[in-house]
Amino acid sequence: MSEALQSLLDLLDLERIEEDIYRGHSRSAVVPRVFGGQVAAQALVAAGRTVPADRRAHSLHAYFLRPGDPGAPIVYNVDRLRDGRSFTTRRVVAVQHGKPIFGLSASFQTYEEGLDHQAPMPHAPDPATLPTGEERLRSYPHLPAETVERFLEARAAVDLRHVDDPPFGDFGTPREPHSQVWFRTNGKLSDDPLLHVVLATYVSDMTLLDSVLLAHGRGGWAVGDVVGASLDHAMWFHRPFRADEWLLYDQQSPSASGGRGLGQARIYTQDGRLALSVIQEGVVRVPREH
């Protein structure tokens with residue numbers, strides 16, 4: 001296991017303060033606020049620790065309410081909304097400086113047999129044939145060295161490989177609002193199903209709005225031609241998967257309007273099973289000229 005992955009796992013291992021109350025800390029991000037994927041993952045950890053081990057997460061719905069302060073701890077308060085025969089529901093509120101910054105509802109289910117079908121996996125090149133994240137980032141001479149290093153540090157726990165140039169690599173001309181990324185953790189994980197779900201939640205916030213930027217030829221936060229932040233995030237966990245094995249993140253944007261952009265995606269295992277569905281809306285604004 002890489003040192004960066006161990007550091008991330010330590011970050012997600014929340015401190016229990018009291019019954020249903022947990023405390024977490026933050027790490028550096030590409031932008032000067034707490035990374036949204038981190039808050040979502042920590043909130044899911046808090047919820048999962050109040051649920052029997054035989055009930056696995058099947059969905060989450062979340063709102064980003066305020067920017068998180070990376071220099072202050074985050075307190076996660078868990079409400080036990082329901083414990084039914086098959087489903088368990090939890091609500092988590094993340095608090096900093098006495099104010100809620102994030103709210104999450106998560107549902108867990110016991111295993112059941114049932115109807116089964118899925119959308120087919122789209123074509124994508126083998127991840128082994130693609131440049132690593134570091135190789136691709138260092139190939140763009142227009143990116144400041146400081147920006148490259150911030151990206152590499154923030155994503156060091158994950159092997160994330162773009163199929164095509166990301167928005168910050170090739171911008172200025174609109175492209176199809178569709179992007180694909182392969183990812184897996186930089187090291188093996190334990191067999192705890194919650195851990196794999198949490199790591200996928202963490203990574204899911206890294207690139208989902210890229211397809212919004214592609215549609216308008218914008219490079220994004222790395223080059224400063226848009227400003228924005230995540231507004232809400234929803235995930236459905238369809239089938240078991242491992243976050244330490246290659247997952248294809250197939251992303252697209254059906255709409256942008258009113259200063260907001262919508263991204264939706266499906267995540268497949270390398271052997272073609274649909275593991276997750278993801279939808280996120282975010283603020284995407286063009287900076288005003290003074």
# chains A, B, ... in the order shown; residues from 1 in each chain; ligands from 1
$ residues_around --residues "segment 97-113 of chain A" --least-positions-apart "4" --cutoff "9 Å" --atoms "only C-alpha atoms" --output "number ranges by chain"
A: 36, 39-40, 43-44, 47-48, 51, 54-69, 72-74, 85-93
$ write_last_selection --atoms "C-alpha atoms" --output "tab-separated table (two decimals), in the first residue's frame"
chain	number	residue	atom	x	y	z
A	36	GLY	CA	-16.21	17.75	-1.36
A	39	VAL	CA	-16.65	15.35	3.31
A	40	ALA	CA	-19.03	12.97	1.52
A	43	ALA	CA	-20.07	11.38	6.31
A	44	LEU	CA	-20.70	7.96	4.79
A	47	ALA	CA	-23.35	6.70	8.87
A	48	GLY	CA	-21.93	3.24	8.19
A	51	VAL	CA	-25.39	0.26	10.76
A	54	ASP	CA	-24.71	-7.19	6.98
A	55	ARG	CA	-26.44	-4.08	5.55
A	56	ARG	CA	-24.58	-2.51	2.67
A	57	ALA	CA	-24.92	1.04	1.37
A	58	HIS	CA	-27.15	1.20	-1.70
A	59	SER	CA	-27.65	4.96	-2.09
A	60	LEU	CA	-26.71	8.39	-0.80
A	61	HIS	CA	-28.05	11.87	-1.43
A	62	ALA	CA	-26.14	14.92	-0.26
A	63	TYR	CA	-26.03	18.72	-0.31
A	64	PHE	CA	-22.95	20.89	0.01
A	65	LEU	CA	-24.14	23.81	2.14
A	66	ARG	CA	-21.02	25.89	2.89
A	67	PRO	CA	-17.34	25.75	1.92
A	68	GLY	CA	-15.39	23.67	4.42
A	69	ASP	CA	-12.46	25.16	6.33
A	72	ALA	CA	-10.62	23.16	11.36
A	73	PRO	CA	-12.01	19.75	12.42
A	74	ILE	CA	-15.39	18.61	11.10
A	85	ARG	CA	-36.45	-5.33	8.31
A	86	SER	CA	-34.56	-4.79	5.05
A	87	PHE	CA	-33.51	-1.14	4.99
A	88	THR	CA	-31.68	1.17	7.36
A	89	THR	CA	-31.66	4.94	6.84
A	90	ARG	CA	-29.27	7.48	8.33
A	91	ARG	CA	-28.95	11.25	8.13
A	92	VAL	CA	-25.60	12.94	8.75
A	93	VAL	CA	-24.91	16.64	9.25
$ select_by_dssp --residues "segment 38-267 of chain A" --states "strand (DSSP E)" --output "JSON list (two decimals) with N, CA, C and O atoms, in the first residue's frame"
[["chain", "number", "residue", "atom", "x", "y", "z"],
["A", 55, "ARG", "N", -25.67, -5.01, 6.38],
["A", 55, "ARG", "CA", -26.44, -4.08, 5.55],
["A", 55, "ARG", "C", -25.47, -3.17, 4.81],
["A", 55, "ARG", "O", -24.71, -2.43, 5.42],
["A", 56, "ARG", "N", -25.53, -3.26, 3.50],
["A", 56, "ARG", "CA", -24.58, -2.51, 2.67],
["A", 56, "ARG", "C", -25.23, -1.26, 2.09],
["A", 56, "ARG", "O", -26.41, -1.25, 1.76],
["A", 57, "ALA", "N", -24.42, -0.22, 1.94],
["A", 57, "ALA", "CA", -24.92, 1.04, 1.37],
["A", 57, "ALA", "C", -25.44, 0.80, -0.05],
["A", 57, "ALA", "O", -24.76, 0.17, -0.86],
["A", 58, "HIS", "N", -26.64, 1.30, -0.33],
["A", 58, "HIS", "CA", -27.15, 1.20, -1.70],
["A", 58, "HIS", "C", -27.42, 2.57, -2.31],
["A", 58, "HIS", "O", -27.57, 2.69, -3.53],
["A", 59, "SER", "N", -27.47, 3.64, -1.49],
["A", 59, "SER", "CA", -27.65, 4.96, -2.09],
["A", 59, "SER", "C", -27.26, 6.04, -1.08],
["A", 59, "SER", "O", -27.29, 5.82, 0.13],
["A", 60, "LEU", "N", -26.91, 7.21, -1.64],
["A", 60, "LEU", "CA", -26.71, 8.39, -0.80],
["A", 60, "LEU", "C", -27.15, 9.62, -1.59],
["A", 60, "LEU", "O", -27.08, 9.65, -2.83],
["A", 61, "HIS", "N", -27.62, 10.60, -0.86],
["A", 61, "HIS", "CA", -28.05, 11.87, -1.43],
["A", 61, "HIS", "C", -27.52, 12.98, -0.52],
["A", 61, "HIS", "O", -27.74, 12.94, 0.69],
["A", 62, "ALA", "N", -26.83, 13.95, -1.10],
["A", 62, "ALA", "CA", -26.14, 14.92, -0.26],
["A", 62, "ALA", "C", -26.20, 16.33, -0.84],
["A", 62, "ALA", "O", -26.32, 16.51, -2.06],
["A", 63, "TYR", "N", -26.10, 17.31, 0.06],
["A", 63, "TYR", "CA", -26.03, 18.72, -0.31],
["A", 63, "TYR", "C", -24.80, 19.35, 0.33],
["A", 63, "TYR", "O", -24.54, 19.16, 1.52],
["A", 64, "PHE", "N", -24.07, 20.09, -0.49],
["A", 64, "PHE", "CA", -22.95, 20.89, 0.01],
["A", 64, "PHE", "C", -23.51, 22.27, 0.38],
["A", 64, "PHE", "O", -23.99, 23.00, -0.50],
["A", 74, "ILE", "N", -14.00, 18.72, 11.52],
["A", 74, "ILE", "CA", -15.39, 18.61, 11.10],
["A", 74, "ILE", "C", -16.08, 17.62, 12.02],
["A", 74, "ILE", "O", -15.58, 16.50, 12.22],
["A", 75, "VAL", "N", -17.21, 18.01, 12.59],
["A", 75, "VAL", "CA", -17.98, 17.13, 13.47],
["A", 75, "VAL", "C", -19.16, 16.58, 12.68],
["A", 75, "VAL", "O", -19.89, 17.33, 12.02],
["A", 76, "TYR", "N", -19.33, 15.26, 12.73],
["A", 76, "TYR", "CA", -20.40, 14.58, 12.01],
["A", 76, "TYR", "C", -21.42, 14.03, 13.01],
["A", 76, "TYR", "O", -21.10, 13.18, 13.84],
["A", 77, "ASN", "N", -22.64, 14.55, 12.93],
["A", 77, "ASN", "CA", -23.73, 14.11, 13.78],
["A", 77, "ASN", "C", -24.65, 13.17, 13.00],
["A", 77, "ASN", "O", -25.16, 13.55, 11.94],
["A", 78, "VAL", "N", -24.86, 11.98, 13.52],
["A", 78, "VAL", "CA", -25.66, 10.97, 12.82],
["A", 78, "VAL", "C", -27.03, 10.84, 13.48],
["A", 78, "VAL", "O", -27.13, 10.69, 14.70],
["A", 79, "ASP", "N", -28.07, 10.92, 12.68],
["A", 79, "ASP", "CA", -29.45, 10.66, 13.13],
["A", 79, "ASP", "C", -29.87, 9.29, 12.59],
["A", 79, "ASP", "O", -29.78, 9.02, 11.40],
["A", 80, "ARG", "N", -30.36, 8.45, 13.49],
["A", 80, "ARG", "CA", -30.82, 7.11, 13.10],
["A", 80, "ARG", "C", -32.29, 7.20, 12.71],
["A", 80, "ARG", "O", -33.18, 7.02, 13.55],
["A", 81, "LEU", "N", -32.55, 7.47, 11.46],
["A", 81, "LEU", "CA", -33.91, 7.73, 11.02],
["A", 81, "LEU", "C", -34.79, 6.50, 11.01],
["A", 81, "LEU", "O", -35.98, 6.56, 11.34],
["A", 82, "ARG", "N", -34.22, 5.36, 10.60],
["A", 82, "ARG", "CA", -35.05, 4.15, 10.49],
["A", 82, "ARG", "C", -34.19, 2.91, 10.49],
["A", 82, "ARG", "O", -33.13, 2.86, 9.88],
["A", 83, "ASP", "N", -34.67, 1.90, 11.21],
["A", 83, "ASP", "CA", -34.09, 0.57, 11.19],
["A", 83, "ASP", "C", -35.21, -0.43, 10.89],
["A", 83, "ASP", "O", -35.94, -0.85, 11.79],
["A", 87, "PHE", "N", -34.20, -2.39, 5.26],
["A", 87, "PHE", "CA", -33.51, -1.14, 4.99],
["A", 87, "PHE", "C", -33.22, -0.37, 6.28],
["A", 87, "PHE", "O", -34.02, -0.38, 7.22],
["A", 88, "THR", "N", -32.09, 0.29, 6.27],
["A", 88, "THR", "CA", -31.68, 1.17, 7.36],
["A", 88, "THR", "C", -31.35, 2.53, 6.76],
["A", 88, "THR", "O", -30.64, 2.60, 5.75],
["A", 89, "THR", "N", -31.86, 3.59, 7.37],
["A", 89, "THR", "CA", -31.66, 4.94, 6.84],
["A", 89, "THR", "C", -30.99, 5.82, 7.90],
["A", 89, "THR", "O", -31.39, 5.81, 9.07],
["A", 90, "ARG", "N", -30.00, 6.57, 7.45],
["A", 90, "ARG", "CA", -29.27, 7.48, 8.33],
["A", 90, "ARG", "C", -29.18, 8.87, 7.70],
["A", 90, "ARG", "O", -29.10, 9.02, 6.48],
["A", 91, "ARG", "N", -29.20, 9.88, 8.57],
["A", 91, "ARG", "CA", -28.95, 11.25, 8.13],
["A", 91, "ARG", "C", -27.73, 11.76, 8.88],
["A", 91, "ARG", "O", -27.60, 11.56, 10.10],
["A", 92, "VAL", "N", -26.83, 12.42, 8.15],
["A", 92, "VAL", "CA", -25.60, 12.94, 8.75],
["A", 92, "VAL", "C", -25.48, 14.42, 8.43],
["A", 92, "VAL", "O", -25.66, 14.83, 7.27],
["A", 93, "VAL", "N", -25.17, 15.21, 9.45],
["A", 93, "VAL", "CA", -24.91, 16.64, 9.25],
["A", 93, "VAL", "C", -23.47, 16.91, 9.68],
["A", 93, "VAL", "O", -23.07, 16.56, 10.80],
["A", 94, "ALA", "N", -22.69, 17.50, 8.77],
["A", 94, "ALA", "CA", -21.31, 17.88, 9.07],
["A", 94, "ALA", "C", -21.28, 19.34, 9.51],
["A", 94, "ALA", "O", -21.84, 20.20, 8.83],
["A", 95, "VAL", "N", -20.62, 19.60, 10.63],
["A", 95, "VAL", "CA", -20.64, 20.92, 11.25],
["A", 95, "VAL", "C", -19.23, 21.45, 11.44],
["A", 95, "VAL", "O", -18.33, 20.72, 11.89],
["A", 96, "GLN", "N", -19.04, 22.72, 11.11],
["A", 96, "GLN", "CA", -17.80, 23.45, 11.40],
["A", 96, "GLN", "C", -18.16, 24.83, 11.93],
["A", 96, "GLN", "O", -19.08, 25.48, 11.41],
["A", 99, "LYS", "N", -21.79, 25.74, 12.40],
["A", 99, "LYS", "CA", -22.74, 25.80, 11.28],
["A", 99, "LYS", "C", -22.63, 24.55, 10.41],
["A", 99, "LYS", "O", -21.54, 24.02, 10.21],
["A", 100, "PRO", "N", -23.76, 24.08, 9.88],
["A", 100, "PRO", "CA", -23.72, 22.92, 8.98],
["A", 100, "PRO", "C", -23.06, 23.28, 7.65],
["A", 100, "PRO", "O", -23.38, 24.31, 7.05],
["A", 101, "ILE", "N", -22.14, 22.44, 7.21],
["A", 101, "ILE", "CA", -21.49, 22.66, 5.91],
["A", 101, "ILE", "C", -21.92, 21.62, 4.88],
["A", 101, "ILE", "O", -21.71, 21.80, 3.68],
["A", 102, "PHE", "N", -22.54, 20.52, 5.35],
["A", 102, "PHE", "CA", -22.84, 19.40, 4.46],
["A", 102, "PHE", "C", -23.91, 18.54, 5.11],
["A", 102, "PHE", "O", -23.91, 18.34, 6.34],
["A", 103, "GLY", "N", -24.84, 18.06, 4.30],
["A", 103, "GLY", "CA", -25.85, 17.14, 4.80],
["A", 103, "GLY", "C", -25.98, 15.94, 3.90],
["A", 103, "GLY", "O", -25.96, 16.07, 2.67],
["A", 104, "LEU", "N", -26.09, 14.76, 4.49],
["A", 104, "LEU", "CA", -26.15, 13.51, 3.72],
["A", 104, "LEU", "C", -27.24, 12.61, 4.27],
["A", 104, "LEU", "O", -27.41, 12.49, 5.49],
["A", 105, "SER", "N", -27.99, 11.98, 3.37],
["A", 105, "SER", "CA", -28.88, 10.89, 3.72],
["A", 105, "SER", "C", -28.37, 9.64, 3.02],
["A", 105, "SER", "O", -28.04, 9.69, 1.83],
["A", 106, "ALA", "N", -28.27, 8.55, 3.76],
["A", 106, "ALA", "CA", -27.77, 7.31, 3.18],
["A", 106, "ALA", "C", -28.68, 6.16, 3.57],
["A", 106, "ALA", "O", -29.23, 6.12, 4.68],
["A", 107, "SER", "N", -28.84, 5.21, 2.66],
["A", 107, "SER", "CA", -29.69, 4.05, 2.90],
["A", 107, "SER", "C", -28.87, 2.78, 2.73],
["A", 107, "SER", "O", -28.03, 2.69, 1.82],
["A", 108, "PHE", "N", -29.13, 1.81, 3.58],
["A", 108, "PHE", "CA", -28.42, 0.53, 3.60],
["A", 108, "PHE", "C", -29.44, -0.59, 3.52],
["A", 108, "PHE", "O", -30.56, -0.47, 4.02],
["A", 109, "GLN", "N", -29.06, -1.71, 2.93],
["A", 109, "GLN", "CA", -30.00, -2.81, 2.69],
["A", 109, "GLN", "C", -29.35, -4.15, 2.94],
["A", 109, "GLN", "O", -28.16, -4.35, 2.64],
["A", 110, "THR", "N", -30.12, -5.10, 3.47],
["A", 110, "THR", "CA", -29.65, -6.48, 3.54],
["A", 110, "THR", "C", -29.65, -7.07, 2.14],
["A", 110, "THR", "O", -30.38, -6.61, 1.25],
["A", 158, "VAL", "N", -4.72, 7.76, -5.46],
["A", 158, "VAL", "CA", -5.54, 7.15, -6.51],
["A", 158, "VAL", "C", -4.78, 7.14, -7.83],
["A", 158, "VAL", "O", -4.16, 8.14, -8.21],
["A", 159, "ASP", "N", -4.81, 6.03, -8.51],
["A", 159, "ASP", "CA", -4.30, 5.94, -9.88],
["A", 159, "ASP", "C", -5.46, 6.30, -10.80],
["A", 159, "ASP", "O", -6.37, 5.50, -11.02],
["A", 160, "LEU", "N", -5.44, 7.52, -11.32],
["A", 160, "LEU", "CA", -6.55, 8.05, -12.11],
["A", 160, "LEU", "C", -6.04, 8.39, -13.51],
["A", 160, "LEU", "O", -5.13, 9.21, -13.66],
["A", 161, "ARG", "N", -6.61, 7.75, -14.52],
["A", 161, "ARG", "CA", -6.12, 7.89, -15.89],
["A", 161, "ARG", "C", -7.24, 8.33, -16.83],
["A", 161, "ARG", "O", -8.22, 7.60, -17.02],
["A", 162, "HIS", "N", -7.09, 9.50, -17.42],
["A", 162, "HIS", "CA", -8.05, 10.02, -18.39],
["A", 162, "HIS", "C", -7.88, 9.30, -19.73],
["A", 162, "HIS", "O", -6.75, 9.09, -20.20],
["A", 178, "HIS", "N", -18.59, 14.66, -22.84],
["A", 178, "HIS", "CA", -18.45, 13.26, -22.43],
["A", 178, "HIS", "C", -17.00, 12.99, -22.10],
["A", 178, "HIS", "O", -16.10, 13.39, -22.85],
["A", 179, "SER", "N", -16.75, 12.37, -20.98],
["A", 179, "SER", "CA", -15.38, 12.03, -20.61],
["A", 179, "SER", "C", -15.35, 10.67, -19.93],
["A", 179, "SER", "O", -16.33, 10.23, -19.33],
["A", 180, "GLN", "N", -14.20, 10.02, -20.02],
["A", 180, "GLN", "CA", -14.01, 8.73, -19.39],
["A", 180, "GLN", "C", -12.70, 8.74, -18.60],
["A", 180, "GLN", "O", -11.69, 9.28, -19.05],
["A", 181, "VAL", "N", -12.76, 8.15, -17.43],
["A", 181, "VAL", "CA", -11.60, 8.05, -16.55],
["A", 181, "VAL", "C", -11.58, 6.65, -15.95],
["A", 181, "VAL", "O", -12.62, 6.14, -15.51],
["A", 182, "TRP", "N", -10.43, 6.01, -15.98],
["A", 182, "TRP", "CA", -10.22, 4.78, -15.22],
["A", 182, "TRP", "C", -9.61, 5.16, -13.88],
["A", 182, "TRP", "O", -8.73, 6.03, -13.81],
["A", 183, "PHE", "N", -10.03, 4.49, -12.79],
["A", 183, "PHE", "CA", -9.38, 4.75, -11.51],
["A", 183, "PHE", "C", -9.37, 3.51, -10.64],
["A", 183, "PHE", "O", -10.19, 2.60, -10.77],
["A", 184, "ARG", "N", -8.40, 3.49, -9.72],
["A", 184, "ARG", "CA", -8.31, 2.50, -8.66],
["A", 184, "ARG", "C", -7.39, 3.08, -7.59],
["A", 184, "ARG", "O", -6.61, 4.01, -7.87],
["A", 185, "THR", "N", -7.46, 2.57, -6.39],
["A", 185, "THR", "CA", -6.58, 3.08, -5.34],
["A", 185, "THR", "C", -5.14, 2.61, -5.60],
["A", 185, "THR", "O", -4.91, 1.56, -6.22],
["A", 227, "VAL", "N", -15.22, 29.55, -12.22],
["A", 227, "VAL", "CA", -15.24, 29.34, -10.76],
["A", 227, "VAL", "C", -16.45, 28.49, -10.46],
["A", 227, "VAL", "O", -17.45, 28.52, -11.18],
["A", 228, "GLY", "N", -16.36, 27.70, -9.42],
["A", 228, "GLY", "CA", -17.51, 26.86, -9.12],
["A", 228, "GLY", "C", -17.31, 26.00, -7.90],
["A", 228, "GLY", "O", -16.26, 26.03, -7.25],
["A", 229, "ALA", "N", -18.33, 25.23, -7.60],
["A", 229, "ALA", "CA", -18.30, 24.32, -6.45],
["A", 229, "ALA", "C", -19.45, 23.33, -6.60],
["A", 229, "ALA", "O", -20.45, 23.61, -7.27],
["A", 230, "SER", "N", -19.31, 22.17, -5.95],
["A", 230, "SER", "CA", -20.37, 21.18, -5.95],
["A", 230, "SER", "C", -21.56, 21.70, -5.16],
["A", 230, "SER", "O", -21.40, 22.33, -4.10],
["A", 231, "LEU", "N", -22.76, 21.42, -5.66],
["A", 231, "LEU", "CA", -23.99, 21.79, -4.95],
["A", 231, "LEU", "C", -24.65, 20.57, -4.31],
["A", 231, "LEU", "O", -25.01, 20.61, -3.13],
["A", 232, "ASP", "N", -24.84, 19.53, -5.08],
["A", 232, "ASP", "CA", -25.43, 18.31, -4.53],
["A", 232, "ASP", "C", -24.83, 17.10, -5.24],
["A", 232, "ASP", "O", -24.18, 17.23, -6.28],
["A", 233, "HIS", "N", -25.04, 15.93, -4.63],
["A", 233, "HIS", "CA", -24.36, 14.73, -5.11],
["A", 233, "HIS", "C", -25.24, 13.53, -4.74],
["A", 233, "HIS", "O", -25.72, 13.44, -3.60],
["A", 234, "ALA", "N", -25.46, 12.65, -5.69],
["A", 234, "ALA", "CA", -26.24, 11.45, -5.42],
["A", 234, "ALA", "C", -25.55, 10.24, -6.04],
["A", 234, "ALA", "O", -24.97, 10.33, -7.13],
["A", 235, "MET", "N", -25.59, 9.10, -5.32],
["A", 235, "MET", "CA", -24.96, 7.88, -5.80],
["A", 235, "MET", "C", -25.86, 6.69, -5.49],
["A", 235, "MET", "O", -26.55, 6.66, -4.46],
["A", 236, "TRP", "N", -25.85, 5.72, -6.40],
["A", 236, "TRP", "CA", -26.55, 4.46, -6.20],
["A", 236, "TRP", "C", -25.55, 3.34, -6.41],
["A", 236, "TRP", "O", -24.86, 3.28, -7.43],
["A", 237, "PHE", "N", -25.45, 2.44, -5.44],
["A", 237, "PHE", "CA", -24.50, 1.34, -5.48],
["A", 237, "PHE", "C", -25.25, 0.08, -5.89],
["A", 237, "PHE", "O", -26.01, -0.48, -5.10],
["A", 247, "LEU", "N", -11.84, 0.67, -12.27],
["A", 247, "LEU", "CA", -13.23, 1.04, -12.48],
["A", 247, "LEU", "C", -13.29, 2.10, -13.56],
["A", 247, "LEU", "O", -12.48, 3.05, -13.55],
["A", 248, "LEU", "N", -14.21, 1.96, -14.50],
["A", 248, "LEU", "CA", -14.39, 2.93, -15.57],
["A", 248, "LEU", "C", -15.47, 3.93, -15.17],
["A", 248, "LEU", "O", -16.62, 3.55, -14.93],
["A", 249, "TYR", "N", -15.09, 5.20, -15.13],
["A", 249, "TYR", "CA", -16.00, 6.29, -14.77],
["A", 249, "TYR", "C", -16.41, 6.98, -16.07],
["A", 249, "TYR", "O", -15.66, 7.78, -16.63],
["A", 250, "ASP", "N", -17.59, 6.64, -16.57],
["A", 250, "ASP", "CA", -18.10, 7.15, -17.85],
["A", 250, "ASP", "C", -19.05, 8.31, -17.55],
["A", 250, "ASP", "O", -20.14, 8.11, -17.01],
["A", 251, "GLN", "N", -18.67, 9.55, -17.92],
["A", 251, "GLN", "CA", -19.33, 10.76, -17.47],
["A", 251, "GLN", "C", -19.83, 11.60, -18.64],
["A", 251, "GLN", "O", -19.18, 11.66, -19.68],
["A", 252, "GLN", "N", -20.96, 12.27, -18.43],
["A", 252, "GLN", "CA", -21.48, 13.17, -19.45],
["A", 252, "GLN", "C", -22.28, 14.28, -18.78],
["A", 252, "GLN", "O", -22.65, 14.18, -17.62],
["A", 253, "SER", "N", -22.53, 15.34, -19.55],
["A", 253, "SER", "CA", -23.34, 16.46, -19.05],
["A", 253, "SER", "C", -24.50, 16.70, -19.99],
["A", 253, "SER", "O", -24.31, 17.10, -21.14],
["A", 254, "PRO", "N", -25.74, 16.49, -19.52],
["A", 254, "PRO", "CA", -26.90, 16.74, -20.38],
["A", 254, "PRO", "C", -27.34, 18.19, -20.39],
["A", 254, "PRO", "O", -28.11, 18.59, -21.27],
["A", 255, "SER", "N", -26.87, 19.02, -19.42],
["A", 255, "SER", "CA", -27.39, 20.37, -19.34],
["A", 255, "SER", "C", -26.48, 21.27, -18.50],
["A", 255, "SER", "O", -25.85, 20.83, -17.54],
["A", 256, "ALA", "N", -26.46, 22.55, -18.89],
["A", 256, "ALA", "CA", -25.89, 23.62, -18.07],
["A", 256, "ALA", "C", -26.75, 24.85, -18.29],
["A", 256, "ALA", "O", -27.06, 25.20, -19.43],
["A", 257, "SER", "N", -27.14, 25.52, -17.20],
["A", 257, "SER", "CA", -27.95, 26.72, -17.31],
["A", 257, "SER", "C", -28.00, 27.39, -15.95],
["A", 257, "SER", "O", -27.77, 26.75, -14.91],
["A", 260, "ARG", "N", -25.33, 26.89, -13.35],
["A", 260, "ARG", "CA", -25.17, 25.54, -12.81],
["A", 260, "ARG", "C", -24.93, 24.56, -13.96],
["A", 260, "ARG", "O", -25.42, 24.76, -15.06],
["A", 261, "GLY", "N", -24.20, 23.51, -13.66],
["A", 261, "GLY", "CA", -23.98, 22.45, -14.64],
["A", 261, "GLY", "C", -24.29, 21.10, -14.02],
["A", 261, "GLY", "O", -24.02, 20.88, -12.83],
["A", 262, "LEU", "N", -24.84, 20.19, -14.82],
["A", 262, "LEU", "CA", -25.21, 18.86, -14.34],
["A", 262, "LEU", "C", -24.30, 17.81, -14.96],
["A", 262, "LEU", "O", -24.09, 17.78, -16.18],
["A", 263, "GLY", "N", -23.76, 16.95, -14.11],
["A", 263, "GLY", "CA", -22.99, 15.81, -14.58],
["A", 263, "GLY", "C", -23.65, 14.52, -14.14],
["A", 263, "GLY", "O", -24.18, 14.43, -13.02],
["A", 264, "GLN", "N", -23.65, 13.53, -15.02],
["A", 264, "GLN", "CA", -24.18, 12.22, -14.65],
["A", 264, "GLN", "C", -23.23, 11.15, -15.17],
["A", 264, "GLN", "O", -22.54, 11.35, -16.18],
["A", 265, "ALA", "N", -23.18, 10.03, -14.48],
["A", 265, "ALA", "CA", -22.16, 9.04, -14.83],
["A", 265, "ALA", "C", -22.57, 7.64, -14.41],
["A", 265, "ALA", "O", -23.44, 7.45, -13.53],
["A", 266, "ARG", "N", -21.90, 6.68, -15.03],
["A", 266, "ARG", "CA", -21.99, 5.28, -14.62],
["A", 266, "ARG", "C", -20.57, 4.78, -14.40],
["A", 266, "ARG", "O", -19.65, 5.15, -15.12],
["A", 267, "ILE", "N", -20.42, 3.94, -13.40],
["A", 267, "ILE", "CA", -19.12, 3.37, -13.08],
["A", 267, "ILE", "C", -19.20, 1.86, -13.25],
["A", 267, "ILE", "O", -20.07, 1.20, -12.66]]
$ closest_residue --among "A:Ile17, A:Met1, A:Ala157, A:Val278" --to "Thr207 of chain A" --atoms "only C-alpha atoms"
A:Val278
$ select_by_dssp --residues "segment 73-148 of chain A" --states "alpha helix (DSSP H)" --output "list in words"
Gly133, Glu134, Glu135, Arg136, Leu137, Ala145, Glu146, Thr147 and Val148 of chain A
$ closest_residue --among "A:Pro177, A:Pro167, A:Pro120, A:Gly224" --to "Tyr140 of chain A" --atoms "only C-alpha atoms"
A:Pro167
$ atom_distance --atom1 "atom CA of Leu189 of chain A" --atom2 "atom CA of Ile279 of chain A"
25.7 Å
$ atom_distance --atom1 "atom CA of Val223 of chain A" --atom2 "atom CA of Gly169 of chain A"
9.4 Å
$ closest_residue --among "A:Gly187, A:Gly272, A:Gly84, A:Gly37" --to "Ser2 of chain A" --atoms "only C-alpha atoms"
A:Gly187
$ atom_distance --atom1 "atom CA of Gly217 of chain A" --atom2 "atom CA of Gly172 of chain A"
4.6 Å
$ closest_residue --among "A:His216, A:Arg285, A:His117, A:His123" --to "Arg273 of chain A" --atoms "only C-alpha atoms"
A:His117
$ closest_residue --among "A:Arg16, A:Arg242, A:Arg27, A:Arg288" --to "Ser190 of chain A" --atoms "only C-alpha atoms"
A:Arg242
